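Colleague: One file is attached below, structure00.cif, containing mmCIF, N, CA and C atoms.
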data_target
#
loop_
_atom_site.label_atom_id
_atom_site.label_comp_id
_atom_site.auth_asym_id
_atom_site.auth_seq_id
_atom_site.Cartn_x
_atom_site.Cartn_y
_atom_site.Cartn_z
N MET A 1 0.81 -1.20 0.00
CA MET A 1 0.00 0.00 0.00
C MET A 1 0.86 1.26 0.00
N GLY A 2 1.79 1.37 -0.85
CA GLY A 2 2.48 2.62 -1.10
C GLY A 2 3.16 3.27 0.08
N GLN A 3 2.68 4.42 0.51
CA GLN A 3 3.38 5.30 1.42
C GLN A 3 2.94 5.21 2.89
N ILE A 4 2.24 4.20 3.30
CA ILE A 4 1.79 4.11 4.69
C ILE A 4 3.00 4.05 5.62
N GLY A 5 2.98 4.91 6.65
CA GLY A 5 4.03 4.92 7.66
C GLY A 5 5.29 5.66 7.28
N VAL A 6 5.28 6.37 6.15
CA VAL A 6 6.47 7.07 5.68
C VAL A 6 6.16 8.57 5.58
N TRP A 7 6.99 9.40 6.25
CA TRP A 7 6.84 10.85 6.12
C TRP A 7 7.34 11.27 4.76
N GLU A 8 6.55 12.12 4.08
CA GLU A 8 6.98 12.66 2.79
C GLU A 8 6.66 14.15 2.73
N SER A 9 7.58 14.91 2.14
CA SER A 9 7.36 16.33 1.93
C SER A 9 6.43 16.50 0.75
N VAL A 10 5.44 17.40 0.91
CA VAL A 10 4.48 17.60 -0.17
C VAL A 10 4.47 19.04 -0.67
N GLU A 11 4.83 19.99 0.17
CA GLU A 11 4.94 21.40 -0.20
C GLU A 11 5.92 22.01 0.78
N ASP A 12 6.38 23.23 0.50
CA ASP A 12 7.31 23.89 1.43
C ASP A 12 6.71 23.95 2.82
N GLY A 13 7.40 23.36 3.80
CA GLY A 13 6.94 23.40 5.17
C GLY A 13 5.80 22.46 5.50
N VAL A 14 5.47 21.55 4.59
CA VAL A 14 4.36 20.62 4.79
C VAL A 14 4.84 19.19 4.52
N LYS A 15 4.60 18.30 5.49
CA LYS A 15 4.90 16.88 5.26
C LYS A 15 3.77 16.04 5.82
N ARG A 16 3.60 14.86 5.27
CA ARG A 16 2.48 14.00 5.68
C ARG A 16 2.95 12.57 5.88
N ASN A 17 2.16 11.87 6.69
CA ASN A 17 2.39 10.46 6.98
C ASN A 17 1.04 9.77 6.97
N ILE A 18 0.79 8.90 6.01
CA ILE A 18 -0.45 8.13 5.99
C ILE A 18 -0.32 7.09 7.09
N LEU A 19 -1.19 7.19 8.10
CA LEU A 19 -1.07 6.33 9.28
C LEU A 19 -1.67 4.95 9.07
N THR A 20 -2.85 4.91 8.48
CA THR A 20 -3.49 3.61 8.23
C THR A 20 -4.60 3.80 7.22
N SER A 21 -5.01 2.70 6.63
CA SER A 21 -6.07 2.72 5.64
C SER A 21 -6.85 1.42 5.71
N GLY A 22 -8.16 1.57 5.60
CA GLY A 22 -9.03 0.40 5.50
C GLY A 22 -9.60 0.36 4.09
N GLU A 23 -10.74 -0.29 3.96
CA GLU A 23 -11.37 -0.38 2.64
C GLU A 23 -12.04 0.93 2.25
N ASP A 24 -12.63 1.64 3.22
CA ASP A 24 -13.40 2.84 2.92
C ASP A 24 -12.96 4.07 3.69
N LEU A 25 -11.90 3.98 4.49
CA LEU A 25 -11.49 5.09 5.35
C LEU A 25 -9.98 5.08 5.51
N MET A 26 -9.38 6.27 5.51
CA MET A 26 -7.95 6.37 5.79
C MET A 26 -7.69 7.62 6.63
N ILE A 27 -6.60 7.59 7.40
CA ILE A 27 -6.19 8.76 8.18
C ILE A 27 -4.71 9.03 7.96
N MET A 28 -4.38 10.32 8.05
CA MET A 28 -2.97 10.70 7.94
C MET A 28 -2.72 11.93 8.79
N GLU A 29 -1.47 12.05 9.24
CA GLU A 29 -1.05 13.24 9.98
C GLU A 29 -0.32 14.14 9.00
N VAL A 30 -0.61 15.44 9.10
CA VAL A 30 0.06 16.42 8.25
C VAL A 30 0.67 17.48 9.17
N ARG A 31 1.99 17.68 9.04
CA ARG A 31 2.70 18.66 9.87
C ARG A 31 3.05 19.88 9.04
N PHE A 32 2.88 21.06 9.65
CA PHE A 32 3.12 22.34 8.99
C PHE A 32 4.08 23.18 9.83
N THR A 33 4.94 23.93 9.15
CA THR A 33 5.69 24.97 9.83
C THR A 33 4.88 26.26 9.71
N ASN A 34 5.13 27.19 10.62
CA ASN A 34 4.41 28.46 10.64
C ASN A 34 4.45 29.12 9.25
N GLY A 35 3.29 29.49 8.73
CA GLY A 35 3.19 30.16 7.43
C GLY A 35 3.09 29.24 6.24
N ALA A 36 3.28 27.93 6.43
CA ALA A 36 3.20 26.98 5.31
C ALA A 36 1.77 26.91 4.79
N ILE A 37 1.67 26.64 3.51
CA ILE A 37 0.37 26.62 2.84
C ILE A 37 0.13 25.26 2.20
N GLY A 38 -1.05 24.72 2.46
CA GLY A 38 -1.55 23.57 1.72
C GLY A 38 -2.36 24.14 0.57
N ASN A 39 -1.82 24.07 -0.65
CA ASN A 39 -2.45 24.70 -1.80
C ASN A 39 -3.88 24.24 -2.01
N LYS A 40 -4.69 25.12 -2.58
CA LYS A 40 -6.09 24.80 -2.85
C LYS A 40 -6.18 23.64 -3.83
N HIS A 41 -7.08 22.74 -3.53
CA HIS A 41 -7.32 21.57 -4.37
C HIS A 41 -8.71 21.03 -4.04
N GLN A 42 -9.14 20.04 -4.77
CA GLN A 42 -10.40 19.37 -4.47
C GLN A 42 -10.28 17.90 -4.86
N HIS A 43 -11.13 17.10 -4.25
CA HIS A 43 -11.14 15.67 -4.51
C HIS A 43 -12.54 15.14 -4.20
N PRO A 44 -12.89 13.97 -4.71
CA PRO A 44 -14.25 13.45 -4.52
C PRO A 44 -14.48 12.78 -3.17
N HIS A 45 -13.58 12.98 -2.22
CA HIS A 45 -13.66 12.33 -0.92
C HIS A 45 -14.20 13.28 0.14
N GLU A 46 -14.92 12.74 1.12
CA GLU A 46 -15.25 13.50 2.31
C GLU A 46 -13.97 13.61 3.13
N GLN A 47 -13.81 14.74 3.83
CA GLN A 47 -12.61 14.91 4.66
C GLN A 47 -13.01 15.57 5.97
N ILE A 48 -12.43 15.07 7.05
CA ILE A 48 -12.52 15.73 8.35
C ILE A 48 -11.09 15.99 8.80
N SER A 49 -10.82 17.24 9.17
CA SER A 49 -9.50 17.62 9.69
C SER A 49 -9.63 17.96 11.16
N TYR A 50 -8.79 17.33 11.98
CA TYR A 50 -8.75 17.55 13.43
C TYR A 50 -7.40 18.17 13.76
N CYS A 51 -7.41 19.27 14.49
CA CYS A 51 -6.17 19.96 14.84
C CYS A 51 -5.53 19.32 16.07
N LEU A 52 -4.38 18.69 15.87
CA LEU A 52 -3.65 18.08 16.98
C LEU A 52 -2.92 19.14 17.80
N ASP A 53 -2.36 20.13 17.12
CA ASP A 53 -1.72 21.27 17.78
C ASP A 53 -1.52 22.38 16.76
N GLY A 54 -1.35 23.60 17.26
CA GLY A 54 -1.17 24.75 16.39
C GLY A 54 -2.48 25.45 16.07
N GLN A 55 -2.43 26.29 15.05
CA GLN A 55 -3.61 27.05 14.61
C GLN A 55 -3.55 27.15 13.09
N PHE A 56 -4.71 26.96 12.44
CA PHE A 56 -4.79 26.90 10.99
C PHE A 56 -5.97 27.70 10.48
N GLU A 57 -5.77 28.34 9.32
CA GLU A 57 -6.86 29.01 8.64
C GLU A 57 -7.19 28.23 7.38
N PHE A 58 -8.42 27.72 7.31
CA PHE A 58 -8.89 26.97 6.16
C PHE A 58 -9.74 27.86 5.27
N THR A 59 -9.63 27.63 3.97
CA THR A 59 -10.58 28.17 3.01
C THR A 59 -11.30 26.95 2.44
N ILE A 60 -12.63 26.96 2.58
CA ILE A 60 -13.45 25.86 2.08
C ILE A 60 -14.52 26.49 1.20
N GLY A 61 -14.38 26.32 -0.11
CA GLY A 61 -15.24 27.07 -1.03
C GLY A 61 -14.92 28.55 -0.87
N THR A 62 -15.92 29.35 -0.51
CA THR A 62 -15.70 30.78 -0.28
C THR A 62 -15.63 31.12 1.21
N ALA A 63 -15.78 30.12 2.07
CA ALA A 63 -15.77 30.35 3.52
C ALA A 63 -14.36 30.24 4.08
N HIS A 64 -14.12 30.96 5.17
CA HIS A 64 -12.84 30.90 5.89
C HIS A 64 -13.13 30.49 7.33
N LYS A 65 -12.31 29.59 7.86
CA LYS A 65 -12.49 29.14 9.24
C LYS A 65 -11.13 28.91 9.88
N ILE A 66 -10.97 29.38 11.11
CA ILE A 66 -9.75 29.16 11.87
C ILE A 66 -10.04 28.08 12.91
N ILE A 67 -9.14 27.08 12.97
CA ILE A 67 -9.26 26.07 14.02
C ILE A 67 -7.93 25.98 14.76
N GLU A 68 -8.02 25.52 15.99
CA GLU A 68 -6.82 25.31 16.81
C GLU A 68 -6.96 23.99 17.55
N LYS A 69 -5.95 23.67 18.35
CA LYS A 69 -5.88 22.38 19.03
C LYS A 69 -7.23 21.95 19.60
N GLY A 70 -7.63 20.73 19.25
CA GLY A 70 -8.86 20.14 19.76
C GLY A 70 -10.09 20.43 18.92
N GLU A 71 -9.96 21.23 17.88
CA GLU A 71 -11.11 21.56 17.02
C GLU A 71 -10.99 20.82 15.69
N SER A 72 -12.12 20.69 15.02
CA SER A 72 -12.14 19.99 13.73
C SER A 72 -13.09 20.69 12.77
N LEU A 73 -13.02 20.26 11.52
CA LEU A 73 -13.94 20.78 10.52
C LEU A 73 -14.16 19.72 9.45
N TYR A 74 -15.25 19.91 8.71
CA TYR A 74 -15.67 18.98 7.66
C TYR A 74 -15.50 19.65 6.30
N ILE A 75 -14.96 18.91 5.35
CA ILE A 75 -14.83 19.39 3.97
C ILE A 75 -15.63 18.44 3.08
N PRO A 76 -16.70 18.95 2.47
CA PRO A 76 -17.53 18.10 1.60
C PRO A 76 -16.78 17.64 0.35
N PRO A 77 -17.24 16.56 -0.27
CA PRO A 77 -16.63 16.10 -1.52
C PRO A 77 -16.66 17.19 -2.59
N ASN A 78 -15.64 17.18 -3.45
CA ASN A 78 -15.57 18.06 -4.61
C ASN A 78 -15.62 19.55 -4.28
N THR A 79 -15.16 19.93 -3.08
CA THR A 79 -15.15 21.32 -2.66
C THR A 79 -13.71 21.84 -2.68
N LEU A 80 -13.49 22.94 -3.37
CA LEU A 80 -12.16 23.53 -3.42
C LEU A 80 -11.79 24.00 -2.01
N HIS A 81 -10.60 23.59 -1.54
CA HIS A 81 -10.18 23.95 -0.19
C HIS A 81 -8.65 24.04 -0.10
N GLY A 82 -8.19 24.78 0.89
CA GLY A 82 -6.77 24.93 1.16
C GLY A 82 -6.60 25.36 2.60
N VAL A 83 -5.36 25.41 3.07
CA VAL A 83 -5.10 25.73 4.47
C VAL A 83 -3.78 26.49 4.59
N LYS A 84 -3.74 27.37 5.59
CA LYS A 84 -2.50 28.08 5.93
C LYS A 84 -2.24 27.87 7.41
N ALA A 85 -1.00 27.51 7.74
CA ALA A 85 -0.62 27.34 9.14
C ALA A 85 -0.35 28.72 9.75
N LEU A 86 -1.05 29.04 10.83
CA LEU A 86 -0.84 30.29 11.54
C LEU A 86 0.20 30.14 12.63
N SER A 87 0.68 28.91 12.81
CA SER A 87 1.76 28.57 13.73
C SER A 87 2.27 27.18 13.32
N ASP A 88 3.37 26.73 13.90
CA ASP A 88 3.75 25.34 13.70
C ASP A 88 2.61 24.48 14.23
N GLY A 89 2.31 23.38 13.56
CA GLY A 89 1.23 22.54 14.06
C GLY A 89 1.02 21.30 13.21
N SER A 90 0.04 20.49 13.65
CA SER A 90 -0.28 19.22 12.98
C SER A 90 -1.78 19.04 12.88
N LEU A 91 -2.18 18.43 11.78
CA LEU A 91 -3.58 18.06 11.56
C LEU A 91 -3.67 16.54 11.42
N LEU A 92 -4.77 15.99 11.86
CA LEU A 92 -5.10 14.60 11.60
C LEU A 92 -6.24 14.63 10.60
N ASP A 93 -5.98 14.18 9.37
CA ASP A 93 -6.98 14.20 8.31
C ASP A 93 -7.52 12.80 8.08
N SER A 94 -8.85 12.72 7.99
CA SER A 94 -9.48 11.44 7.65
C SER A 94 -10.24 11.62 6.34
N PHE A 95 -10.25 10.57 5.54
CA PHE A 95 -10.88 10.60 4.23
C PHE A 95 -11.75 9.37 4.03
N SER A 96 -12.88 9.58 3.38
CA SER A 96 -13.74 8.48 2.96
C SER A 96 -14.30 8.82 1.58
N PRO A 97 -14.20 7.93 0.62
CA PRO A 97 -13.46 6.68 0.67
C PRO A 97 -11.95 6.93 0.70
N VAL A 98 -11.19 5.88 0.65
CA VAL A 98 -9.73 5.94 0.70
C VAL A 98 -9.20 6.78 -0.45
N ARG A 99 -8.18 7.60 -0.16
CA ARG A 99 -7.51 8.41 -1.19
C ARG A 99 -6.47 7.54 -1.90
N GLU A 100 -6.93 6.79 -2.87
CA GLU A 100 -6.02 5.92 -3.64
C GLU A 100 -4.91 6.73 -4.29
N ASP A 101 -5.20 7.99 -4.67
CA ASP A 101 -4.18 8.82 -5.32
C ASP A 101 -3.00 9.06 -4.37
N LEU A 102 -3.26 9.19 -3.07
CA LEU A 102 -2.17 9.39 -2.11
C LEU A 102 -1.42 8.09 -1.86
N LEU A 103 -2.12 6.99 -1.84
CA LEU A 103 -1.46 5.70 -1.64
C LEU A 103 -0.55 5.35 -2.81
N GLU A 104 -0.85 5.88 -3.97
CA GLU A 104 -0.03 5.64 -5.15
C GLU A 104 1.13 6.63 -5.22
N GLY A 105 1.23 7.54 -4.23
CA GLY A 105 2.35 8.46 -4.18
C GLY A 105 2.18 9.73 -4.97
N LYS A 106 0.98 10.00 -5.47
CA LYS A 106 0.72 11.23 -6.19
C LYS A 106 0.46 12.33 -5.17
N HIS A 107 0.85 13.57 -5.47
CA HIS A 107 0.66 14.70 -4.54
C HIS A 107 -0.60 15.44 -4.90
N SER A 108 -1.52 15.53 -3.92
CA SER A 108 -2.76 16.31 -4.08
C SER A 108 -3.17 16.89 -2.77
#
Could you rewrite the structure in this file as structure tokens?
Modeller:
Amino acid sequence: MGQIGVWESVEDGVKRNILTSGEDLMIMEVRFTNGAIGNKHQHPHEQISYCLDGQFEFTIGTAHKIIEKGESLYIPPNTLHGVKALSDGSLLDSFSPVREDLLEGKHS
């Protein structure tokens, strides 16, 4: 299953580790340095992001939301979204169904 358990850099100041994957659900940790940006993108998967530590500003469609440690948010399928780290921090992202594109090592 490709990149499970391996930290990989995906953008300046952003790295991810796919922690585990089942048939219909996967989770990964994403670490950011202060000011790092997760570029806007979209995918057909539902996503929930939980803030493990730090503070993040998300853009989801045209909405903006700031979350910090212990908070989470939902990103609907096929919705353009991105994130900026307002401090060093980590997110726990869950996806349903499984992001096969990430397991194959593609960056999205």
Colleague: Using the chain letters and numbers from this file, what does the PyMOL selection byres ((chain A and resi 30-37) around 8) select? Give the answer as an mmCIF file with N, CA and C atoms, keeping the file's coordinate frame.
Modeller:
data_model
loop_
_atom_site.group_PDB
_atom_site.id
_atom_site.type_symbol
_atom_site.label_atom_id
_atom_site.label_comp_id
_atom_site.auth_asym_id
_atom_site.auth_seq_id
_atom_site.Cartn_x
_atom_site.Cartn_y
_atom_site.Cartn_z
ATOM 1 N N GLU A 11 4.830 19.990 0.170
ATOM 2 C CA GLU A 11 4.940 21.400 -0.200
ATOM 3 C C GLU A 11 5.920 22.010 0.780
ATOM 4 N N ASP A 12 6.380 23.230 0.500
ATOM 5 C CA ASP A 12 7.310 23.890 1.430
ATOM 6 C C ASP A 12 6.710 23.950 2.820
ATOM 7 N N GLY A 13 7.400 23.360 3.800
ATOM 8 C CA GLY A 13 6.940 23.400 5.170
ATOM 9 C C GLY A 13 5.800 22.460 5.500
ATOM 10 N N VAL A 14 5.470 21.550 4.590
ATOM 11 C CA VAL A 14 4.360 20.620 4.790
ATOM 12 C C VAL A 14 4.840 19.190 4.520
ATOM 13 N N LYS A 15 4.600 18.300 5.490
ATOM 14 C CA LYS A 15 4.900 16.880 5.260
ATOM 15 C C LYS A 15 3.770 16.040 5.820
ATOM 16 N N ARG A 16 3.600 14.860 5.270
ATOM 17 C CA ARG A 16 2.480 14.000 5.680
ATOM 18 C C ARG A 16 2.950 12.570 5.880
ATOM 19 N N ASN A 17 2.160 11.870 6.690
ATOM 20 C CA ASN A 17 2.390 10.460 6.980
ATOM 21 C C ASN A 17 1.040 9.770 6.970
ATOM 22 N N ILE A 18 0.790 8.900 6.010
ATOM 23 C CA ILE A 18 -0.450 8.130 5.990
ATOM 24 C C ILE A 18 -0.320 7.090 7.090
ATOM 25 N N ILE A 27 -6.600 7.590 7.400
ATOM 26 C CA ILE A 27 -6.190 8.760 8.180
ATOM 27 C C ILE A 27 -4.710 9.030 7.960
ATOM 28 N N MET A 28 -4.380 10.320 8.050
ATOM 29 C CA MET A 28 -2.970 10.700 7.940
ATOM 30 C C MET A 28 -2.720 11.930 8.790
ATOM 31 N N GLU A 29 -1.470 12.050 9.240
ATOM 32 C CA GLU A 29 -1.050 13.240 9.980
ATOM 33 C C GLU A 29 -0.320 14.140 9.000
ATOM 34 N N GLY A 38 -1.050 24.720 2.460
ATOM 35 C CA GLY A 38 -1.550 23.570 1.720
ATOM 36 C C GLY A 38 -2.360 24.140 0.570
ATOM 37 N N ASN A 39 -1.820 24.070 -0.650
ATOM 38 C CA ASN A 39 -2.450 24.700 -1.800
ATOM 39 C C ASN A 39 -3.880 24.240 -2.010
ATOM 40 N N LYS A 40 -4.690 25.120 -2.580
ATOM 41 C CA LYS A 40 -6.090 24.800 -2.850
ATOM 42 C C LYS A 40 -6.180 23.640 -3.830
ATOM 43 N N GLY A 82 -8.190 24.780 0.890
ATOM 44 C CA GLY A 82 -6.770 24.930 1.160
ATOM 45 C C GLY A 82 -6.600 25.360 2.600
ATOM 46 N N VAL A 83 -5.360 25.410 3.070
ATOM 47 C CA VAL A 83 -5.100 25.730 4.470
ATOM 48 C C VAL A 83 -3.780 26.490 4.590
ATOM 49 N N LYS A 84 -3.740 27.370 5.590
ATOM 50 C CA LYS A 84 -2.500 28.080 5.930
ATOM 51 C C LYS A 84 -2.240 27.870 7.410
ATOM 52 N N ALA A 85 -1.000 27.510 7.740
ATOM 53 C CA ALA A 85 -0.620 27.340 9.140
ATOM 54 C C ALA A 85 -0.350 28.720 9.750
ATOM 55 N N LEU A 86 -1.050 29.040 10.830
ATOM 56 C CA LEU A 86 -0.840 30.290 11.540
ATOM 57 C C LEU A 86 0.200 30.140 12.630
ATOM 58 N N SER A 87 0.680 28.910 12.810
ATOM 59 C CA SER A 87 1.760 28.570 13.730
ATOM 60 C C SER A 87 2.270 27.180 13.320
ATOM 61 N N ASP A 88 3.370 26.730 13.900
ATOM 62 C CA ASP A 88 3.750 25.340 13.700
ATOM 63 C C ASP A 88 2.610 24.480 14.230
ATOM 64 N N GLY A 89 2.310 23.380 13.560
ATOM 65 C CA GLY A 89 1.230 22.540 14.060
ATOM 66 C C GLY A 89 1.020 21.300 13.210
ATOM 67 N N SER A 90 0.040 20.490 13.650
ATOM 68 C CA SER A 90 -0.280 19.220 12.980
ATOM 69 C C SER A 90 -1.780 19.040 12.880
ATOM 70 N N LEU A 91 -2.180 18.430 11.780
ATOM 71 C CA LEU A 91 -3.580 18.060 11.560
ATOM 72 C C LEU A 91 -3.670 16.540 11.420
ATOM 73 N N LEU A 92 -4.770 15.990 11.860
ATOM 74 C CA LEU A 92 -5.100 14.600 11.600
ATOM 75 C C LEU A 92 -6.240 14.630 10.600
ATOM 76 N N ASP A 93 -5.980 14.180 9.370
ATOM 77 C CA ASP A 93 -6.980 14.200 8.310
ATOM 78 C C ASP A 93 -7.520 12.800 8.080
#
Colleague: If you run DSSP over the backbone, which residues in segment 44-101 of chain A end up strand (DSSP E)? Put them as a PDB file with N, CA and C atoms, in the coordinates of the input.
Modeller:
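The resulting result_6.pdb:
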ATOM      1  N   GLU A  46     -14.920  12.740   1.120  1.00  0.00           N
ATOM      2  CA  GLU A  46     -15.250  13.500   2.310  1.00  0.00           C
ATOM      3  C   GLU A  46     -13.970  13.610   3.130  1.00  0.00           C
ATOM      4  N   GLN A  47     -13.810  14.740   3.830  1.00  0.00           N
ATOM      5  CA  GLN A  47     -12.610  14.910   4.660  1.00  0.00           C
ATOM      6  C   GLN A  47     -13.010  15.570   5.970  1.00  0.00           C
ATOM      7  N   ILE A  48     -12.430  15.070   7.050  1.00  0.00           N
ATOM      8  CA  ILE A  48     -12.520  15.730   8.350  1.00  0.00           C
ATOM      9  C   ILE A  48     -11.090  15.990   8.800  1.00  0.00           C
ATOM     10  N   SER A  49     -10.820  17.240   9.170  1.00  0.00           N
ATOM     11  CA  SER A  49      -9.500  17.620   9.690  1.00  0.00           C
ATOM     12  C   SER A  49      -9.630  17.960  11.160  1.00  0.00           C
ATOM     13  N   TYR A  50      -8.790  17.330  11.980  1.00  0.00           N
ATOM     14  CA  TYR A  50      -8.750  17.550  13.430  1.00  0.00           C
ATOM     15  C   TYR A  50      -7.400  18.170  13.760  1.00  0.00           C
ATOM     16  N   CYS A  51      -7.410  19.270  14.490  1.00  0.00           N
ATOM     17  CA  CYS A  51      -6.170  19.960  14.840  1.00  0.00           C
ATOM     18  C   CYS A  51      -5.530  19.320  16.070  1.00  0.00           C
ATOM     19  N   LEU A  52      -4.380  18.690  15.870  1.00  0.00           N
ATOM     20  CA  LEU A  52      -3.650  18.080  16.980  1.00  0.00           C
ATOM     21  C   LEU A  52      -2.920  19.140  17.800  1.00  0.00           C
ATOM     22  N   ASP A  53      -2.360  20.130  17.120  1.00  0.00           N
ATOM     23  CA  ASP A  53      -1.720  21.270  17.780  1.00  0.00           C
ATOM     24  C   ASP A  53      -1.520  22.380  16.760  1.00  0.00           C
ATOM     25  N   GLN A  55      -2.430  26.290  15.050  1.00  0.00           N
ATOM     26  CA  GLN A  55      -3.610  27.050  14.610  1.00  0.00           C
ATOM     27  C   GLN A  55      -3.550  27.150  13.090  1.00  0.00           C
ATOM     28  N   PHE A  56      -4.710  26.960  12.440  1.00  0.00           N
ATOM     29  CA  PHE A  56      -4.790  26.900  10.990  1.00  0.00           C
ATOM     30  C   PHE A  56      -5.970  27.700  10.480  1.00  0.00           C
ATOM     31  N   GLU A  57      -5.770  28.340   9.320  1.00  0.00           N
ATOM     32  CA  GLU A  57      -6.860  29.010   8.640  1.00  0.00           C
ATOM     33  C   GLU A  57      -7.190  28.230   7.380  1.00  0.00           C
ATOM     34  N   PHE A  58      -8.420  27.720   7.310  1.00  0.00           N
ATOM     35  CA  PHE A  58      -8.890  26.970   6.160  1.00  0.00           C
ATOM     36  C   PHE A  58      -9.740  27.860   5.270  1.00  0.00           C
ATOM     37  N   THR A  59      -9.630  27.630   3.970  1.00  0.00           N
ATOM     38  CA  THR A  59     -10.580  28.170   3.010  1.00  0.00           C
ATOM     39  C   THR A  59     -11.300  26.950   2.440  1.00  0.00           C
ATOM     40  N   ILE A  60     -12.630  26.960   2.580  1.00  0.00           N
ATOM     41  CA  ILE A  60     -13.450  25.860   2.080  1.00  0.00           C
ATOM     42  C   ILE A  60     -14.520  26.490   1.200  1.00  0.00           C
ATOM     43  N   ALA A  63     -15.780  30.120   2.070  1.00  0.00           N
ATOM     44  CA  ALA A  63     -15.770  30.350   3.520  1.00  0.00           C
ATOM     45  C   ALA A  63     -14.360  30.240   4.080  1.00  0.00           C
ATOM     46  N   HIS A  64     -14.120  30.960   5.170  1.00  0.00           N
ATOM     47  CA  HIS A  64     -12.840  30.900   5.890  1.00  0.00           C
ATOM     48  C   HIS A  64     -13.130  30.490   7.330  1.00  0.00           C
ATOM     49  N   LYS A  65     -12.310  29.590   7.860  1.00  0.00           N
ATOM     50  CA  LYS A  65     -12.490  29.140   9.240  1.00  0.00           C
ATOM     51  C   LYS A  65     -11.130  28.910   9.880  1.00  0.00           C
ATOM     52  N   ILE A  66     -10.970  29.380  11.110  1.00  0.00           N
ATOM     53  CA  ILE A  66      -9.750  29.160  11.870  1.00  0.00           C
ATOM     54  C   ILE A  66     -10.040  28.080  12.910  1.00  0.00           C
ATOM     55  N   ILE A  67      -9.140  27.080  12.970  1.00  0.00           N
ATOM     56  CA  ILE A  67      -9.260  26.070  14.020  1.00  0.00           C
ATOM     57  C   ILE A  67      -7.930  25.980  14.760  1.00  0.00           C
ATOM     58  N   GLU A  68      -8.020  25.520  15.990  1.00  0.00           N
ATOM     59  CA  GLU A  68      -6.820  25.310  16.810  1.00  0.00           C
ATOM     60  C   GLU A  68      -6.960  23.990  17.550  1.00  0.00           C
ATOM     61  N   SER A  72     -12.120  20.690  15.020  1.00  0.00           N
ATOM     62  CA  SER A  72     -12.140  19.990  13.730  1.00  0.00           C
ATOM     63  C   SER A  72     -13.090  20.690  12.770  1.00  0.00           C
ATOM     64  N   LEU A  73     -13.020  20.260  11.520  1.00  0.00           N
ATOM     65  CA  LEU A  73     -13.940  20.780  10.520  1.00  0.00           C
ATOM     66  C   LEU A  73     -14.160  19.720   9.450  1.00  0.00           C
ATOM     67  N   TYR A  74     -15.250  19.910   8.710  1.00  0.00           N
ATOM     68  CA  TYR A  74     -15.670  18.980   7.660  1.00  0.00           C
ATOM     69  C   TYR A  74     -15.500  19.650   6.300  1.00  0.00           C
ATOM     70  N   ILE A  75     -14.960  18.910   5.350  1.00  0.00           N
ATOM     71  CA  ILE A  75     -14.830  19.390   3.970  1.00  0.00           C
ATOM     72  C   ILE A  75     -15.630  18.440   3.080  1.00  0.00           C
ATOM     73  N   HIS A  81     -10.600  23.590  -1.540  1.00  0.00           N
ATOM     74  CA  HIS A  81     -10.180  23.950  -0.190  1.00  0.00           C
ATOM     75  C   HIS A  81      -8.650  24.040  -0.100  1.00  0.00           C
ATOM     76  N   GLY A  82      -8.190  24.780   0.890  1.00  0.00           N
ATOM     77  CA  GLY A  82      -6.770  24.930   1.160  1.00  0.00           C
ATOM     78  C   GLY A  82      -6.600  25.360   2.600  1.00  0.00           C
ATOM     79  N   VAL A  83      -5.360  25.410   3.070  1.00  0.00           N
ATOM     80  CA  VAL A  83      -5.100  25.730   4.470  1.00  0.00           C
ATOM     81  C   VAL A  83      -3.780  26.490   4.590  1.00  0.00           C
ATOM     82  N   LYS A  84      -3.740  27.370   5.590  1.00  0.00           N
ATOM     83  CA  LYS A  84      -2.500  28.080   5.930  1.00  0.00           C
ATOM     84  C   LYS A  84      -2.240  27.870   7.410  1.00  0.00           C
ATOM     85  N   ALA A  85      -1.000  27.510   7.740  1.00  0.00           N
ATOM     86  CA  ALA A  85      -0.620  27.340   9.140  1.00  0.00           C
ATOM     87  C   ALA A  85      -0.350  28.720   9.750  1.00  0.00           C
ATOM     88  N   GLY A  89       2.310  23.380  13.560  1.00  0.00           N
ATOM     89  CA  GLY A  89       1.230  22.540  14.060  1.00  0.00           C
ATOM     90  C   GLY A  89       1.020  21.300  13.210  1.00  0.00           C
ATOM     91  N   SER A  90       0.040  20.490  13.650  1.00  0.00           N
ATOM     92  CA  SER A  90      -0.280  19.220  12.980  1.00  0.00           C
ATOM     93  C   SER A  90      -1.780  19.040  12.880  1.00  0.00           C
ATOM     94  N   LEU A  91      -2.180  18.430  11.780  1.00  0.00           N
ATOM     95  CA  LEU A  91      -3.580  18.060  11.560  1.00  0.00           C
ATOM     96  C   LEU A  91      -3.670  16.540  11.420  1.00  0.00           C
ATOM     97  N   LEU A  92      -4.770  15.990  11.860  1.00  0.00           N
ATOM     98  CA  LEU A  92      -5.100  14.600  11.600  1.00  0.00           C
ATOM     99  C   LEU A  92      -6.240  14.630  10.600  1.00  0.00           C
ATOM    100  N   ASP A  93      -5.980  14.180   9.370  1.00  0.00           N
ATOM    101  CA  ASP A  93      -6.980  14.200   8.310  1.00  0.00           C
ATOM    102  C   ASP A  93      -7.520  12.800   8.080  1.00  0.00           C
ATOM    103  N   SER A  94      -8.850  12.720   7.990  1.00  0.00           N
ATOM    104  CA  SER A  94      -9.480  11.440   7.650  1.00  0.00           C
ATOM    105  C   SER A  94     -10.240  11.620   6.340  1.00  0.00           C
ATOM    106  N   PHE A  95     -10.250  10.570   5.540  1.00  0.00           N
ATOM    107  CA  PHE A  95     -10.880  10.600   4.230  1.00  0.00           C
ATOM    108  C   PHE A  95     -11.750   9.370   4.030  1.00  0.00           C
ATOM    109  N   SER A  96     -12.880   9.580   3.380  1.00  0.00           N
ATOM    110  CA  SER A  96     -13.740   8.480   2.960  1.00  0.00           C
ATOM    111  C   SER A  96     -14.300   8.820   1.580  1.00  0.00           C
TER     112      SER A  96
END
Colleague: Mind telling me what the PyMOL selection byres ((chain A and resi 68-70) around 8) catches here, as a list of chain:residue names?
Modeller: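 Taken over the shown coordinates, the PyMOL selection byres ((chain A and resi 68-70) around 8) returns A:Tyr50, A:Cys51, A:Leu52, A:Asp53, A:Gly54, A:Gln55, A:Phe56, A:Glu57, A:Lys65, A:Ile66, A:Ile67, A:Glu71, A:Ser72, A:Leu73.
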Colleague: Calculate how many Å separate atom CA of Glu8 of chain A from atom N of Val98 of chain A, rounding to one decimal.
Modeller: 19.5 Å
